[in-house]
Every structure is written in C-alpha cells, then in structure tokens.
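This is work.txt. It holds compact mmCIF, C-alpha atoms.
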# COMPACT_ATOMS: atom_id res chain seq x y z
CA MET A 1 -29.01 3.29 9.91
CA ALA A 2 -25.22 3.22 9.55
CA TYR A 3 -23.64 4.75 6.44
CA PHE A 4 -20.09 4.28 5.27
CA PRO A 5 -18.55 7.71 5.96
CA GLN A 6 -17.64 10.17 3.24
CA LEU A 7 -14.21 11.72 3.23
CA GLY A 8 -13.77 15.29 4.43
CA SER A 9 -13.64 16.51 0.82
CA GLY A 10 -17.08 15.04 0.21
CA ALA A 11 -15.58 12.32 -1.97
CA ALA A 12 -16.99 8.83 -1.73
CA GLY A 13 -13.61 7.22 -2.28
CA GLN A 14 -10.17 7.72 -3.75
CA PHE A 15 -8.27 6.35 -6.68
CA PRO A 16 -7.30 3.57 -6.97
CA VAL A 17 -10.64 1.89 -6.32
CA SER A 18 -11.70 -1.43 -7.77
CA ARG A 19 -15.17 -2.93 -8.07
CA THR A 20 -15.50 -6.67 -8.66
CA VAL A 21 -18.80 -8.35 -9.44
CA LYS A 22 -18.85 -12.01 -8.45
CA LYS A 23 -21.31 -14.55 -9.83
CA ARG A 24 -21.59 -18.25 -9.29
CA THR A 25 -22.54 -20.80 -11.89
CA ILE A 26 -23.41 -24.35 -10.92
CA ARG A 27 -21.95 -26.58 -13.61
CA THR A 28 -22.11 -30.29 -14.03
CA GLU A 29 -20.31 -32.22 -16.73
CA SER A 30 -21.42 -35.63 -17.84
CA ALA A 31 -19.07 -38.48 -18.75
CA GLU A 32 -19.40 -37.78 -22.47
CA GLY A 33 -18.46 -34.14 -21.95
CA ARG A 34 -21.85 -32.46 -22.12
CA GLU A 35 -22.29 -29.71 -19.60
CA CYS A 36 -25.32 -28.41 -17.77
CA LYS A 37 -25.14 -24.93 -16.23
CA THR A 38 -27.42 -23.06 -13.85
CA VAL A 39 -26.99 -19.56 -12.55
CA ASP A 40 -26.97 -19.31 -8.76
CA ALA A 41 -28.60 -15.92 -8.33
CA GLY A 42 -28.36 -15.95 -4.57
CA TRP A 43 -24.58 -15.79 -4.71
CA GLN A 44 -24.19 -12.59 -6.66
CA GLU A 45 -21.87 -10.30 -4.83
CA VAL A 46 -20.00 -7.08 -5.46
CA GLU A 47 -16.77 -6.11 -3.77
CA TRP A 48 -15.02 -2.76 -3.62
CA VAL A 49 -11.36 -2.45 -2.68
CA MET A 50 -10.26 1.06 -1.82
CA THR A 51 -6.94 2.48 -0.78
CA LEU A 52 -7.48 5.63 1.21
CA GLY A 53 -4.39 7.80 1.47
CA GLY A 54 -3.65 11.23 2.89
CA LEU A 55 -6.40 10.89 5.48
CA ALA A 56 -6.60 13.66 8.07
CA GLU A 57 -7.03 12.99 11.77
CA GLN A 58 -10.79 13.57 11.56
CA GLU A 59 -11.23 11.21 8.60
CA ARG A 60 -9.12 8.53 10.26
CA THR A 61 -11.11 8.79 13.48
CA ALA A 62 -14.45 8.66 11.62
CA LEU A 63 -13.40 5.54 9.75
CA GLU A 64 -12.09 3.80 12.87
CA ARG A 65 -15.22 4.63 14.85
CA PHE A 66 -17.39 3.39 12.03
CA PHE A 67 -15.41 0.15 11.84
CA GLU A 68 -15.86 -0.32 15.59
CA GLU A 69 -19.56 0.57 15.37
CA VAL A 70 -20.25 -2.21 12.87
CA GLU A 71 -17.68 -4.52 14.50
CA GLY A 72 -15.72 -5.46 11.42
CA ARG A 73 -17.52 -7.98 9.23
CA LEU A 74 -20.34 -8.45 11.72
CA GLY A 75 -22.64 -5.50 11.15
CA SER A 76 -24.30 -4.21 7.99
CA PHE A 77 -24.40 -0.67 6.70
CA THR A 78 -25.48 1.31 3.68
CA PHE A 79 -22.73 1.83 1.13
CA LEU A 80 -22.98 4.33 -1.70
CA ASP A 81 -21.04 3.01 -4.68
CA PRO A 82 -18.19 5.48 -5.34
CA MET A 83 -18.15 4.34 -8.96
CA GLY A 84 -21.91 4.29 -9.47
CA ASN A 85 -25.02 6.29 -10.25
CA LEU A 86 -27.28 6.30 -7.20
CA LEU A 87 -30.45 6.69 -9.27
CA SER A 88 -32.25 3.63 -10.58
CA TRP A 89 -33.82 3.55 -14.05
CA SER A 90 -31.72 6.54 -15.10
CA GLU A 91 -33.17 6.56 -18.61
CA GLU A 92 -36.63 5.10 -18.06
CA LEU A 93 -38.22 8.05 -16.31
CA TRP A 94 -41.69 6.49 -16.51
CA ARG A 95 -40.76 3.65 -14.13
CA GLU A 96 -42.20 3.42 -10.63
CA ALA A 97 -38.90 4.62 -9.11
CA TRP A 98 -39.73 8.08 -10.44
CA THR A 99 -42.47 10.34 -9.12
CA ARG A 100 -43.90 13.01 -11.36
CA GLY A 101 -46.52 15.70 -11.11
CA PRO A 102 -49.99 14.75 -12.43
CA HIS A 103 -49.60 16.88 -15.55
CA ILE A 104 -46.02 15.96 -16.45
CA GLN A 105 -46.07 14.13 -19.76
CA LEU A 106 -43.19 11.97 -20.93
CA ASN A 107 -42.17 11.27 -24.49
CA PRO A 108 -39.57 8.46 -24.63
CA GLU A 109 -37.09 7.53 -27.37
CA VAL A 110 -36.00 11.04 -28.18
CA GLY A 111 -32.59 11.60 -29.80
CA ASP A 112 -29.81 12.00 -27.21
CA PRO A 113 -26.34 13.65 -27.28
CA PHE A 114 -24.68 10.38 -28.31
CA GLY A 115 -26.72 9.86 -31.46
CA THR A 116 -28.98 7.17 -30.02
CA ARG A 117 -32.61 7.57 -28.95
CA ARG A 118 -32.41 7.19 -25.18
CA ALA A 119 -33.41 10.71 -24.13
CA VAL A 120 -36.89 11.54 -22.82
CA GLY A 121 -39.05 14.55 -23.64
CA VAL A 122 -40.69 16.05 -20.53
CA TRP A 123 -43.59 18.47 -20.80
CA ASN A 124 -45.39 20.20 -17.98
CA ASN A 125 -48.91 20.47 -19.36
CA SER A 126 -50.33 22.53 -16.50
CA ALA A 127 -50.56 26.08 -15.18
CA VAL A 128 -48.37 25.45 -12.13
CA PRO A 129 -44.76 24.25 -11.71
CA GLU A 130 -44.48 20.46 -11.48
CA ARG A 131 -41.68 18.04 -10.68
CA LEU A 132 -40.12 14.85 -11.88
CA GLU A 133 -38.09 13.30 -9.07
CA GLN A 134 -36.68 10.18 -7.51
CA ALA A 135 -36.44 9.58 -3.75
CA LEU A 136 -33.25 7.94 -2.53
CA GLY A 137 -32.65 6.34 0.86
CA VAL A 138 -29.40 8.19 1.44
CA PRO A 139 -28.19 10.47 4.24
CA GLY A 140 -29.12 14.14 3.97
CA TRP A 141 -25.77 15.25 5.38
CA PHE A 142 -23.65 13.80 2.55
CA GLN A 143 -22.25 15.66 -0.43
CA TYR A 144 -23.92 14.81 -3.76
CA CYS A 145 -23.68 15.84 -7.37
CA LEU A 146 -26.73 15.83 -9.65
CA SER A 147 -25.89 15.84 -13.33
CA LEU A 148 -27.83 15.51 -16.59
CA TRP A 149 -27.97 16.63 -20.18
CA MET A 150 -30.75 19.06 -21.16
CA ARG A 151 -32.08 20.53 -24.37
CA SER A 152 -35.23 22.31 -25.47
CA GLY A 153 -36.93 23.29 -28.75
CA GLU A 154 -37.06 26.89 -27.54
CA PRO A 155 -34.69 28.47 -24.96
CA THR A 156 -36.26 28.12 -21.54
CA GLU A 157 -35.43 27.43 -17.91
CA ALA A 158 -35.63 24.42 -15.63
CA THR A 159 -34.91 24.03 -11.94
CA LEU A 160 -32.77 21.23 -10.54
CA PHE A 161 -33.39 20.42 -6.92
CA GLY A 162 -32.35 18.26 -4.03
CA ARG A 163 -34.73 18.20 -1.10
CA ALA A 164 -35.38 16.38 2.13
CA GLY A 165 -37.62 17.06 5.12
CA GLY A 166 -35.06 19.28 6.81
CA GLY A 167 -33.54 21.11 3.87
CA ALA A 168 -33.71 21.88 0.19
CA GLN A 169 -31.53 23.39 -2.50
CA ALA A 170 -32.42 24.41 -6.03
CA LEU A 171 -30.63 25.70 -9.09
CA THR A 172 -32.37 27.28 -12.05
CA VAL A 173 -30.53 26.66 -15.31
CA LYS A 174 -31.00 27.92 -18.83
CA VAL A 175 -31.91 25.26 -21.35
CA GLU A 176 -30.77 25.94 -24.89
CA ARG A 177 -31.47 24.29 -28.22
CA THR A 178 -28.27 22.21 -28.05
CA TRP A 179 -27.46 19.47 -25.57
CA ARG A 180 -25.55 20.67 -22.51
CA ARG A 181 -24.51 18.66 -19.48
CA VAL A 182 -25.21 20.36 -16.18
CA ALA A 183 -23.41 19.16 -13.02
CA TRP A 184 -24.60 20.60 -9.76
CA PRO A 185 -23.06 19.87 -6.33
CA VAL A 186 -25.70 19.55 -3.60
CA ARG A 187 -25.16 19.44 0.15
CA LEU A 188 -28.33 19.68 2.21
CA GLU A 189 -26.78 19.41 5.69
CA CYS A 190 -29.88 17.86 7.24
CA GLU A 191 -30.50 14.73 9.31
CA ASP A 192 -33.05 13.11 6.97
CA GLU A 193 -32.37 9.74 5.43
CA LEU A 194 -34.56 10.21 2.38
CA VAL A 195 -33.44 12.72 -0.23
CA ARG A 196 -35.31 13.59 -3.43
CA PHE A 197 -33.46 14.67 -6.56
CA GLY A 198 -35.11 15.87 -9.72
CA VAL A 199 -36.19 18.60 -12.11
CA GLU A 200 -38.98 21.16 -11.77
CA LEU A 201 -40.54 22.66 -14.87
CA GLY A 202 -42.58 25.84 -15.03
CA PRO A 203 -46.10 25.95 -16.56
CA GLY A 204 -46.08 24.81 -20.19
CA VAL A 205 -42.31 24.20 -20.27
CA SER A 206 -41.05 21.35 -22.40
CA VAL A 207 -37.48 19.99 -22.26
CA GLU A 208 -35.57 16.89 -23.27
CA LEU A 209 -33.53 15.11 -20.59
CA PHE A 210 -30.82 12.50 -20.78
CA GLY A 211 -28.37 10.83 -18.44
CA MET A 212 -29.65 11.78 -15.02
CA GLN A 213 -27.08 10.87 -12.45
CA VAL A 214 -26.61 11.38 -8.72
CA GLU A 215 -23.24 10.63 -7.17
CA ALA A 216 -22.08 10.81 -3.57
CA GLN A 217 -19.29 13.26 -4.34
CA ALA A 218 -18.82 16.90 -5.27
CA GLY A 219 -18.22 16.51 -9.01
CA ALA A 220 -19.79 14.56 -11.82
CA SER A 221 -18.01 11.58 -13.35
CA LYS A 222 -18.77 9.78 -16.57
CA TYR A 223 -22.45 8.94 -16.92
CA LYS A 224 -23.46 5.42 -15.89
CA ARG A 225 -26.77 4.04 -17.14
CA THR A 226 -28.72 2.16 -14.49
CA GLY A 227 -31.61 -0.27 -14.45
CA MET A 228 -33.57 -1.55 -11.49
CA ARG A 229 -30.60 -1.19 -9.16
CA GLY A 230 -28.86 2.09 -8.53
CA GLY A 231 -25.62 2.50 -6.63
CA ILE A 232 -27.11 2.21 -3.13
CA TYR A 233 -26.30 -0.96 -1.21
CA PRO A 234 -28.25 -1.05 2.06
CA GLU A 235 -26.90 -4.42 3.23
CA ALA A 236 -23.20 -3.93 2.68
CA ARG A 237 -20.53 -4.96 5.15
CA PHE A 238 -16.80 -4.86 5.56
CA GLY A 239 -14.96 -7.71 3.89
CA GLN A 240 -12.32 -7.65 6.60
CA ASP A 241 -12.14 -8.07 10.34
CA VAL A 242 -8.94 -6.06 10.61
CA LEU A 243 -8.63 -2.36 9.87
CA ALA A 244 -4.97 -1.42 9.59
CA VAL A 245 -4.36 2.32 9.67
CA ARG A 246 -0.86 3.52 8.93
CA ALA A 247 0.42 6.83 10.26
CA GLU A 248 2.53 8.26 7.43
CA GLY A 249 3.41 11.47 9.21
CA ALA A 250 1.97 13.97 11.64
CA GLY A 251 -1.80 13.89 11.08
CA VAL A 252 -1.53 11.95 7.80
CA TYR A 253 -2.86 8.40 7.63
CA SER A 254 -3.62 5.72 5.07
CA CYS A 255 -5.50 2.45 5.05
CA GLY A 256 -7.07 -0.15 2.82
CA VAL A 257 -10.77 -0.99 2.94
CA ARG A 258 -12.79 -3.86 1.47
CA VAL A 259 -16.57 -3.61 1.29
CA VAL A 260 -18.86 -6.38 0.04
CA ALA A 261 -22.57 -6.40 -0.75
CA ARG A 262 -25.04 -8.79 -2.26
CA LEU A 263 -26.42 -7.87 -5.63
CA MET B 1 3.67 -4.20 35.68
CA SER B 2 6.38 -3.40 33.13
CA GLU B 3 5.88 -0.53 30.75
CA PHE B 4 6.90 -0.32 27.11
CA PRO B 5 9.78 2.21 27.01
CA LYS B 6 9.45 5.54 25.31
CA LEU B 7 12.11 7.02 23.08
CA ARG B 8 14.56 9.61 24.34
CA THR B 9 12.30 12.33 22.91
CA GLY B 10 9.36 11.10 24.98
CA ALA B 11 7.58 9.83 21.89
CA PRO B 12 6.16 6.30 22.05
CA ALA B 13 6.79 5.61 18.34
CA GLN B 14 8.08 6.94 15.03
CA TYR B 15 6.50 7.35 11.61
CA PRO B 16 5.44 5.26 9.81
CA ALA B 17 3.44 3.26 12.31
CA THR B 18 0.40 1.09 11.77
CA LYS B 19 -2.49 0.42 14.10
CA CYS B 20 -4.88 -2.46 13.47
CA ILE B 21 -8.32 -2.92 14.96
CA GLU B 22 -9.19 -6.58 14.76
CA TYR B 23 -12.53 -8.35 15.10
CA ARG B 24 -13.21 -12.04 14.79
CA THR B 25 -16.40 -12.72 12.91
CA THR B 26 -17.51 -16.03 11.54
CA VAL B 27 -19.63 -15.77 8.41
CA LEU B 28 -21.67 -18.80 7.38
CA LYS B 29 -22.90 -18.65 3.82
CA PHE B 30 -25.89 -20.78 2.94
CA LEU B 31 -26.78 -22.25 -0.41
CA ASP B 32 -29.40 -19.62 -1.17
CA GLY B 33 -26.82 -16.85 -0.69
CA THR B 34 -28.01 -15.72 2.72
CA GLU B 35 -25.55 -15.36 5.55
CA GLN B 36 -25.35 -15.83 9.27
CA ARG B 37 -22.71 -13.88 11.13
CA TYR B 38 -21.57 -14.09 14.71
CA ARG B 39 -18.70 -12.72 16.73
CA GLU B 40 -15.94 -14.91 18.09
CA SER B 41 -14.49 -12.36 20.49
CA GLY B 42 -16.24 -10.01 22.86
CA SER B 43 -14.19 -6.94 22.13
CA PRO B 44 -11.84 -5.86 19.35
CA LEU B 45 -8.14 -6.52 19.61
CA ARG B 46 -5.66 -3.81 18.77
CA ARG B 47 -2.28 -4.34 17.23
CA TRP B 48 0.47 -1.81 16.60
CA GLU B 49 3.30 -2.23 14.11
CA LEU B 50 6.07 0.15 15.09
CA SER B 51 9.18 0.81 13.03
CA PHE B 52 12.15 2.45 14.72
CA ARG B 53 15.03 4.09 12.91
CA LEU B 54 18.05 6.09 14.04
CA VAL B 55 17.51 5.20 17.67
CA ASP B 56 20.53 4.85 19.93
CA GLU B 57 21.75 1.75 21.73
CA ASP B 58 20.11 2.76 25.01
CA GLU B 59 16.68 3.12 23.45
CA ALA B 60 17.03 -0.15 21.55
CA GLY B 61 18.47 -1.81 24.67
CA ARG B 62 15.42 -0.87 26.77
CA MET B 63 13.12 -2.52 24.26
CA GLN B 64 15.30 -5.61 24.08
CA GLU B 65 15.35 -5.76 27.87
CA LEU B 66 11.55 -5.64 28.03
CA PHE B 67 11.43 -8.39 25.39
CA GLU B 68 13.67 -10.58 27.50
CA VAL B 69 11.81 -9.87 30.73
CA SER B 70 8.54 -10.64 28.96
CA ASN B 71 9.92 -13.88 27.50
CA GLY B 72 8.78 -12.87 24.02
CA ARG B 73 5.06 -13.24 23.50
CA PHE B 74 4.51 -14.67 26.97
CA GLY B 75 4.58 -11.68 29.31
CA SER B 76 2.36 -8.61 29.44
CA PHE B 77 3.22 -4.96 29.81
CA GLU B 78 1.61 -1.57 29.69
CA PHE B 79 1.70 0.27 26.38
CA GLU B 80 0.63 3.79 25.52
CA ASP B 81 -1.36 3.88 22.28
CA PRO B 82 0.53 6.45 20.16
CA TRP B 83 -2.72 7.39 18.37
CA GLU B 84 -4.96 8.02 21.33
CA GLY B 85 -2.41 8.63 24.09
CA MET B 86 -4.26 6.10 26.28
CA LYS B 87 -2.45 3.43 28.25
CA LYS B 88 -3.40 -0.16 27.49
CA ARG B 89 -2.65 -2.42 30.42
CA GLU B 90 -2.64 -5.87 28.87
CA CYS B 91 -0.31 -5.83 25.91
CA SER B 92 2.33 -8.24 24.73
CA PHE B 93 4.78 -8.72 21.92
CA ALA B 94 3.18 -10.40 18.92
CA GLU B 95 6.25 -12.44 18.05
CA ASP B 96 8.79 -14.59 19.82
CA GLU B 97 11.68 -13.02 17.92
CA MET B 98 13.06 -9.51 18.02
CA GLU B 99 15.66 -8.26 15.58
CA TRP B 100 17.61 -5.03 15.88
CA LYS B 101 20.06 -3.87 13.26
CA LEU B 102 22.93 -1.62 14.23
CA ASP B 103 24.30 0.42 11.31
CA GLY B 104 26.60 2.56 13.41
CA GLU B 105 26.63 4.69 16.51
CA PHE B 106 23.12 5.97 17.29
CA ARG B 107 21.87 4.13 14.22
CA SER B 108 19.82 1.18 15.40
CA GLU B 109 16.68 0.10 13.62
CA GLY B 110 14.03 -2.50 14.21
CA THR B 111 10.35 -3.30 13.93
CA ILE B 112 8.17 -4.30 16.84
CA VAL B 113 4.63 -5.61 16.76
CA ILE B 114 2.59 -5.23 19.93
CA ARG B 115 -0.85 -6.64 20.48
CA GLU B 116 -3.50 -6.07 23.06
CA THR B 117 -4.50 -9.26 24.80
CA ASN B 118 -7.94 -10.23 25.99
CA SER B 119 -7.38 -12.07 29.22

Take the structure in the file and write it out as structure tokens.
Amino acid sequence: MAYFPQLGSGAAGQFPVSRTVKKRTIRTESAEGRECKTVDAGWQEVEWVMTLGGLAEQERTALERFFEEVEGRLGSFTFLDPMGNLLSWSEELWREAWTRGPHIQLNPEVGDPFGTRRAVGVWNNSAVPERLEQALGVPGWFQYCLSLWMRSGEPTEATLFGRAGGGAQALTVKVERTWRRVAWPVRLECEDELVRFGVELGPGVSVELFGMQVEAQAGASKYKRTGMRGGIYPEARFGQDVLAVRAEGAGVYSCGVRVVARL
Amino acid sequence: MSEFPKLRTGAPAQYPATKCIEYRTTVLKFLDGTEQRYRESGSPLRRWELSFRLVDEDEAGRMQELFEVSNGRFGSFEFEDPWEGMKKRECSFAEDEMEWKLDGEFRSEGTIVIRETNS
C-alpha cells in the first residue's frame, strides 16, 4: 500500500493547508418556481491543498518518487488528513471500531472538561490489566501523537500505548481528580500497516476519558470529534498531473500539492 | 546533437529554478461517483523553468544561439537536469519566443523553459 509521505520533521503537512469538502445536490426547478432537491451521495469529495516550503533534499526526493510511483492522478494511495483525528468514533468508545478487554466496563455521558456530558467512564473490573484500543490501518513507521483528557475519582495511573506486530511503546501517566490533557508522541519504527492505539488500565482501576485523538504528527492540535469516519483516506489520489518543485536555494525546495479523496 | 550551454561557473542553472514532473491522466467520473482513470502518455514528461540573472553577454548569447539553431520549439538538444545531474537527450524549448533583458554590462537576465520530449 502506498502512503503519502510524512515530512522529515514527522509533520503531516505545513501551514497554510486548506481542506475543502465538496458535495453535489441535484436540483430541479419547476415552471412555477418550486424546487426539488436530492443529495448525490456518490459525489462527496474532500480536497486538501498544501504548500510545502523549506523542503530538504531528502523530503523533495521522497515526494517526487512518490508522485512518480502513483503516476500523478492515476494511482491511489492512503492519505492521513493533516487536519484530522485518525480515530473514528472518538467519543463513542462502545462502538465496534473500539476493542476492549472482556471486563472493561463503560459508563457513557459523564461530564467532560468543556461542561458537556461527552466523556466516558472506563472501569477495569478484573484482576488483570485490560485494554481499550482502536486499530488503525496506518503505517507503523510514521510519527503519531496520541492525546486525550483523563480524570479519576481517586489518583491512579493509566498506560497509554501504541503497538503493532513489530513494535510497541507505552507511557504510564498519573491520573488526578481534575481533567488534564495528555499528549504523547509515538513513533514505532516498524513495517506493520496496522497500528493499535489505546489505554491500558490496571486491575480495578476506574478513569474518565474524553477527546481521544491520534494525529500523524509529533504534537497534538485542537481536538476534533469524529464519527464513523476518521482522518484516514485509503483511496486518495493527487488532484494534479504536474508536480512543480522549485529550488529556492542550495538544498531548499518548495512545491504545492493537491490531494483529493471520496468521502 | 546540440547541448544546452552551461554558465561560466559550470552550473547548469541558477536559483530559483523549478522542475515539473508531468503525467497525463484522463479521469472519467460516472454518475454514481465512481471513477475510471487511464494514462495518456507512457512515461512522465519533465519540464524545467530556469531563471537567469546577472549573466554576461557571452552566456546569454550561447543560449540565444541554441534557440536559433533549434528554431524555437522545433529542434532538440541535450540538457543536464540540474537536480539529478543526469543528461536528458531529447529536450526542447517549450516556447517559440525567447526574451533576454540587458540591464548593463554583465547584467543580462531571462527565463527559459525546457521540456523533455517523448519521441
């Protein structure tokens, strides 16, 4: 599977980046002015326009090779939305996208850090550590950042993890009585194309979670709530047949990139 | 075969310079939103946009001479890709016009677009 390359810094893109969602409505208007509208779901499309500046030789070469590998607009690739949350159902942890240990119990509609009731209580009702995780079809060699808000009735600990067949990383964090956002950069450096992100709780531990987010970059950005679709687009393609790379100076390049994907 | 002249320094181009990799893909979109894509050309075409500043009359003259010998876009010449250092045998000017501005002694400037041809 081809993946749109990350920059050397581990960033998914650079500012300025724009994301345009395109819909199509079929509309007919009768002689007396009444209109009839139908949504054309098959035509939903999203387009990213990125200006990449200050690219090093290695980044420029990687981008050019990738463009040649997919042959401009011809081939498809997986694109990780640089403005999106890769997880799906980021607040509905009981959905099928999430996998949880047999004794993990969820308590939805708990008060969250923004004064609404979108957080979820998670309790490990067993004598062994258990996990709540989501598997993402993303490359194991990319840079990611897992972030979420955590709170607990009593001070305790929880372990954040990112794991794939060929590598795993974990971070144990203290969970206090007040909401705190934890952002953890993860880089597994493995060849797997399925990576699991989640939280592991020790026996009897109970915490409240909100705003789980995975991004294909080193730092956390503002939380984005997701539904059925996360920020992974497996059938994306270039929106251009020409890649123009400008040499600004010795070993410094810039270019503009358009990527489109069906929603 | 003629060769695109290098500058007095031995460099093939100056900064900034732009290189384009160009494919020709036809995308047919159907009513249900699905697509069919196919390629129009067998291999990508490369194009270089080179800006020259503060070059002397000799350097500018050699490029103008090649332009005249090539009859603008018509003729082909060999060009060394400034990015990769590889010689491309079938290249031509992308335009039928070439403009050079002379601001003073040793102060010529112009922009040249070269494209690889698939023949």

(message) Under the rule that only C-alpha atoms are counted, which of B:Tyr23, B:Phe106, B:Tyr15, B:Trp100 is the nearest residue to B:Arg46?
(response)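 With only C-alpha atoms as the atom set, the closest residue is B:Tyr23.
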
(message) Neighbouring residues of B:Arg47 were defined as those with any atom within 9 Å, considering only C-alpha atoms; residues of the same chain fewer than 2 positions away were excluded. Please report them as a PyMOL selection string.
(response) (chain A and resi 244) or (chain B and resi 18-22+45+49+94+113-116)

Would you export the selected residues with C-alpha atoms as a compact mmCIF listing (two decimals), keeping the file's coordinate frame, please?
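Final file, again_5.txt:
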# COMPACT_ATOMS: atom_id res chain seq x y z
CA ALA A 244 -4.97 -1.42 9.59
CA THR B 18 0.40 1.09 11.77
CA LYS B 19 -2.49 0.42 14.10
CA CYS B 20 -4.88 -2.46 13.47
CA ILE B 21 -8.32 -2.92 14.96
CA GLU B 22 -9.19 -6.58 14.76
CA LEU B 45 -8.14 -6.52 19.61
CA GLU B 49 3.30 -2.23 14.11
CA ALA B 94 3.18 -10.40 18.92
CA VAL B 113 4.63 -5.61 16.76
CA ILE B 114 2.59 -5.23 19.93
CA ARG B 115 -0.85 -6.64 20.48
CA GLU B 116 -3.50 -6.07 23.06

Give me the chain A side of the contact with chain B, cut-off 6 Å, one line per residue showing its nearest atom pair and distance in Å at one decimal, counting all atoms listed in the file, sorted by chain and residue number, as CSV.
residue,atom,partner,partner_atom,distance
A:Gly42,CA,B:Gly33,CA,4.3
A:Trp43,CA,B:Gly33,CA,4.7
A:Gly72,CA,B:Tyr23,CA,5.7
A:Leu74,CA,B:Thr25,CA,5.9
A:Asp241,CA,B:Tyr23,CA,4.8
A:Val242,CA,B:Glu22,CA,4.2
A:Leu243,CA,B:Ile21,CA,5.1
A:Ala244,CA,B:Cys20,CA,4.0
A:Val245,CA,B:Lys19,CA,5.2
A:Arg246,CA,B:Thr18,CA,3.9
A:Ala247,CA,B:Ala17,CA,5.1
A:Glu248,CA,B:Pro16,CA,4.8
A:Gly249,CA,B:Tyr15,CA,5.7

(message) Here's a test: counting only C-alpha atoms, identify every protein, DNA and RNA residue with an atom at most 9 Å from (-28.2, 1.5, 8.8) in the file's coordinate frame, and state them as a list in words.
(response)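 I get Met1, Ala2, Tyr3, Ser76, Phe77, Thr78, Pro234 and Glu235 of chain A for the residues within 9 Å of that point.
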
(request) Work out how far apart atom CA of A:Gly140 and atom CA of A:Ala56 are and give it in Å to one decimal. (result) 22.9 Å

Show which residues sit within 6 Å of A:Val260, as a PDB file with C-alpha atoms, in the frame of the given file. Count all atoms listed in the file, and ignore same-chain residues fewer than 6 positions away.
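See result_13.pdb below for the written result:
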ATOM      1  CA  VAL A  46     -20.000  -7.080  -5.460  1.00  0.00           C
ATOM      2  CA  GLU A  47     -16.770  -6.110  -3.770  1.00  0.00           C
ATOM      3  CA  ALA A 236     -23.200  -3.930   2.680  1.00  0.00           C
ATOM      4  CA  ARG A 237     -20.530  -4.960   5.150  1.00  0.00           C
ATOM      5  CA  GLY A 239     -14.960  -7.710   3.890  1.00  0.00           C
TER       6      GLY A 239
END

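Take atom CA of A:Ile232 and atom CA of A:Val120: the distance between them is 23.9 Å.
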
(request) Rank nothing, just name the residue among A:Val199, A:Ala119, A:Cys190, A:Ala127 nearest to A:His103, using all atoms listed in the file. (result)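 Of A:Val199, A:Ala119, A:Cys190, A:Ala127, the one nearest A:His103, counting all atoms listed in the file, is A:Ala127.
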
(request) May I ask for the distance between atom CA of A:Arg151 and atom CA of A:Pro185, given in Å to one decimal place? (result)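 Atom CA of A:Pro185 lies at a distance of 20.2 Å from atom CA of A:Arg151.
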
Residues at most 12 Å from A:Arg118, counting all atoms listed in the file, excluding those fewer than 5 positions away in the same chain, as a compact mmCIF listing (two decimals) with C-alpha atoms, in the frame of the given file?
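Output saved as part34.txt:
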# COMPACT_ATOMS: atom_id res chain seq x y z
CA TRP A 89 -33.82 3.55 -14.05
CA SER A 90 -31.72 6.54 -15.10
CA GLU A 91 -33.17 6.56 -18.61
CA GLU A 92 -36.63 5.10 -18.06
CA LEU A 93 -38.22 8.05 -16.31
CA ASN A 107 -42.17 11.27 -24.49
CA PRO A 108 -39.57 8.46 -24.63
CA GLU A 109 -37.09 7.53 -27.37
CA VAL A 110 -36.00 11.04 -28.18
CA GLY A 111 -32.59 11.60 -29.80
CA ASP A 112 -29.81 12.00 -27.21
CA PRO A 113 -26.34 13.65 -27.28
CA TRP A 149 -27.97 16.63 -20.18
CA GLU A 208 -35.57 16.89 -23.27
CA LEU A 209 -33.53 15.11 -20.59
CA PHE A 210 -30.82 12.50 -20.78
CA GLY A 211 -28.37 10.83 -18.44
CA MET A 212 -29.65 11.78 -15.02
CA ARG A 225 -26.77 4.04 -17.14

(message) Need the shell around stretch 58-64 of chain B: protein/DNA/RNA residues with any atom at most 12 Å away, counting only C-alpha atoms. Skip same-chain ones fewer than 6 positions apart. Format as number ranges by chain?
(response) B: 2-13, 50-52, 70-72, 77, 79, 93, 96-102, 105-114

(message) as a VMD selection string, please: the residues near A:Asp192 (cut-off 8 Å, only C-alpha atoms, same-chain neighbours under 2 positions excluded).
(response) chain A and resid 139 to 141 164 to 166 190 194 to 195
